[in-house]
Amino acid sequence: MTTDSDGKRMRLRYAGHCRLCGAALPAGTDAVYERSTRSVRCLTCAPDEADAAEPGDADAETPADILRLRAPASAVIAETLRVQAGAPPRSRTARLFGVSPLSADAAPWFLGTLGELHVGRLLDELGPGWHVIHAIPVGSRGSDIDHLVIGPTGVFTINTKHHPGKVWVASRALVVNGQRTNHLRNAVHEAARASKLLSSAAQRRVPVTPVVAIVGARALTVREHPADVLVVRDTALRRTLRDRPTALSPAEVDALATIAAAPATWGSAEAPAPDLAAFAALRESVASARRRQRTWAVGGLLAIPTLLLAVSQLLPAALAVLAG
């Protein structure tokens with residue numbers, strides 16, 4: 001590949017993916033930023049790039065690029081850390097026995113974050129011809145779109161729901177562990193809002209399909225598919241998106257992706273980056289507590305045979321004493 005003045009080598013502060021080959025590019029990866037397309041290329045697709053920049057070059061990223069490269073789950077990561085900041089520190093005994101560091105209020109946010117991170121990784125592997133933007137701030141009231149996907153089969157808003165229990169779906173209802181939810185209604189509203197904003201920016205009608213991605217469900221029963229929302233397991237998400245009829249040409253996909261990458265399209269100011277390092281530390285602390293819990297559980301199970309053996313040896317003597 002020849003050197004071009006449009007590209008600048010940089011270290012990504014936000015996760016993204018290569019415009020050419022679709023490879024996932026985690027935060028901290030060296031890549032080449034293209035000013036004209038406001039996208040990035042991996043170094044494999046730009047081996048001869050000579051216009052290098054120091055890592056963290058302030059001129060290398062514009063507000064539009066920050067939105068395009070925004071890390072998955074940015075909004076829920078920030079909320080998880082905000083809520084968790086009010087949790088009292090664990091005592092030494094609590095740490096010893098593996099009590100979770102998560103507060104009761106922060107636990108649902110943490111679970112939701114794990115779901116969005118998981119779905120974000122899946123979507124970033126859709127490959128060439130697909131564009132994914134994560135955690136898009138919409139408006140000025142704190143709303144966001146978990147994932148926006150633009151590809152040959154159309155435009156999709158992906159609403160991730162992490163539900164470890166039983167999920168039941170009908171034409172107008174999505175029920176989790178016996179409790180009716182608003183997931184379908186909210187997904188329709190989100191897609192309609194995205195369609196309105198994208199259509200206004202593109203100056204043409206842009207249909208958007210709402211998707212609810214279910215993560216971690218022990219059972220997913222679909223009695224009847226909703227007419228206006230796709231409800232799929234995370235494992236079937238990429239296949240579902242790819243297998244739909246072709247709706248957009250490559251040029252249309254790229255044009256819509258550029259429009260979607262602009263914060264002005266969504267009527268939002270630049271959103272601050274979440275503290276990914278702080279969340280990684282919290283996640284490791286939670287994982288460490290769970291490992292300690294398992295260690296205590298296994299230790300307890302291993303102690304049962306020893307205890308039974310001791311009882312069996314002492315029982316005859318105790319009965320003899322009682323008989324005497």
# chains A, B, ... in the order shown; residues from 1 in each chain; ligands from 1
>>> residues_around(residues="stretch 158-161 of chain A", least_positions_apart="3", cutoff="8 Å", atoms="only C-alpha atoms", output="PyMOL selection string")
chain A and resi 112+115-116+119+145-149+187+210-215
>>> residues_around(residues="A:Gly139", least_positions_apart="4", cutoff="10 Å", atoms="only C-alpha atoms", output="PyMOL selection string")
chain A and resi 143-144+263-269
>>> write_last_selection(atoms="N, CA and C atoms", output="mmCIF file, in the first residue's frame")
data_model
loop_
_atom_site.group_PDB
_atom_site.id
_atom_site.type_symbol
_atom_site.label_atom_id
_atom_site.label_comp_id
_atom_site.auth_asym_id
_atom_site.auth_seq_id
_atom_site.Cartn_x
_atom_site.Cartn_y
_atom_site.Cartn_z
ATOM 1 N N SER A 143 -30.240 9.448 27.285
ATOM 2 C CA SER A 143 -30.582 8.236 26.539
ATOM 3 C C SER A 143 -29.397 7.807 25.678
ATOM 4 N N ASP A 144 -29.342 6.514 25.407
ATOM 5 C CA ASP A 144 -28.303 6.039 24.493
ATOM 6 C C ASP A 144 -28.788 4.787 23.776
ATOM 7 N N PRO A 263 -21.924 13.167 16.074
ATOM 8 C CA PRO A 263 -22.785 13.426 17.239
ATOM 9 C C PRO A 263 -23.936 14.373 16.923
ATOM 10 N N ALA A 264 -23.733 15.289 15.964
ATOM 11 C CA ALA A 264 -24.798 16.229 15.612
ATOM 12 C C ALA A 264 -26.038 15.513 15.090
ATOM 13 N N THR A 265 -25.850 14.351 14.466
ATOM 14 C CA THR A 265 -26.994 13.578 13.971
ATOM 15 C C THR A 265 -27.940 13.214 15.102
ATOM 16 N N TRP A 266 -27.386 12.967 16.266
ATOM 17 C CA TRP A 266 -28.171 12.466 17.400
ATOM 18 C C TRP A 266 -28.545 13.563 18.381
ATOM 19 N N GLY A 267 -28.161 14.814 18.069
ATOM 20 C CA GLY A 267 -28.514 15.926 18.938
ATOM 21 C C GLY A 267 -27.879 15.853 20.297
ATOM 22 N N SER A 268 -26.658 15.297 20.353
ATOM 23 C CA SER A 268 -25.996 15.122 21.642
ATOM 24 C C SER A 268 -24.630 15.780 21.625
ATOM 25 N N ALA A 269 -24.206 16.208 22.783
ATOM 26 C CA ALA A 269 -22.854 16.723 22.931
ATOM 27 C C ALA A 269 -21.883 15.552 23.038
#
>>> select_by_dssp(residues="stretch 56-129 of chain A", states="helix (DSSP H, G or I)", output="PyMOL selection string")
chain A and resi 58-60+63-68+74-84+92-96+106-123
>>> residues_around(residues="A:Leu96", least_positions_apart="4", cutoff="12 Å", atoms="only C-alpha atoms", output="ChimeraX atom specification")
/A:90-92,100-101,288-293,295-296
>>> closest_residue(among="A:His134, A:Arg218, A:Arg95, A:His189", to="A:Val76", atoms="only C-alpha atoms")
A:His134
>>> residues_around(residues="A:Gly151", least_positions_apart="5", cutoff="7 Å", atoms="only C-alpha atoms", output="VMD selection string")
chain A and resid 129 to 131 253
>>> write_last_selection(atoms="N, CA and C atoms", output="PDB file, in the first residue's frame")
ATOM      1  N   GLY A 129     -17.700  -4.558   5.288  1.00  0.00           N
ATOM      2  CA  GLY A 129     -19.015  -4.183   4.783  1.00  0.00           C
ATOM      3  C   GLY A 129     -20.014  -3.841   5.861  1.00  0.00           C
ATOM      4  N   TRP A 130     -19.612  -4.002   7.123  1.00  0.00           N
ATOM      5  CA  TRP A 130     -20.496  -3.702   8.252  1.00  0.00           C
ATOM      6  C   TRP A 130     -19.863  -2.619   9.114  1.00  0.00           C
ATOM      7  N   HIS A 131     -20.702  -1.727   9.621  1.00  0.00           N
ATOM      8  CA  HIS A 131     -20.260  -0.669  10.533  1.00  0.00           C
ATOM      9  C   HIS A 131     -21.055  -0.789  11.831  1.00  0.00           C
ATOM     10  N   VAL A 253     -24.187   2.081   2.495  1.00  0.00           N
ATOM     11  CA  VAL A 253     -23.728   1.681   3.829  1.00  0.00           C
ATOM     12  C   VAL A 253     -22.689   2.662   4.349  1.00  0.00           C
TER      13      VAL A 253
END
>>> closest_residue(among="A:Phe279, A:Phe156, A:Tyr33, A:Phe110", to="A:Ala191", atoms="only C-alpha atoms")
A:Phe156
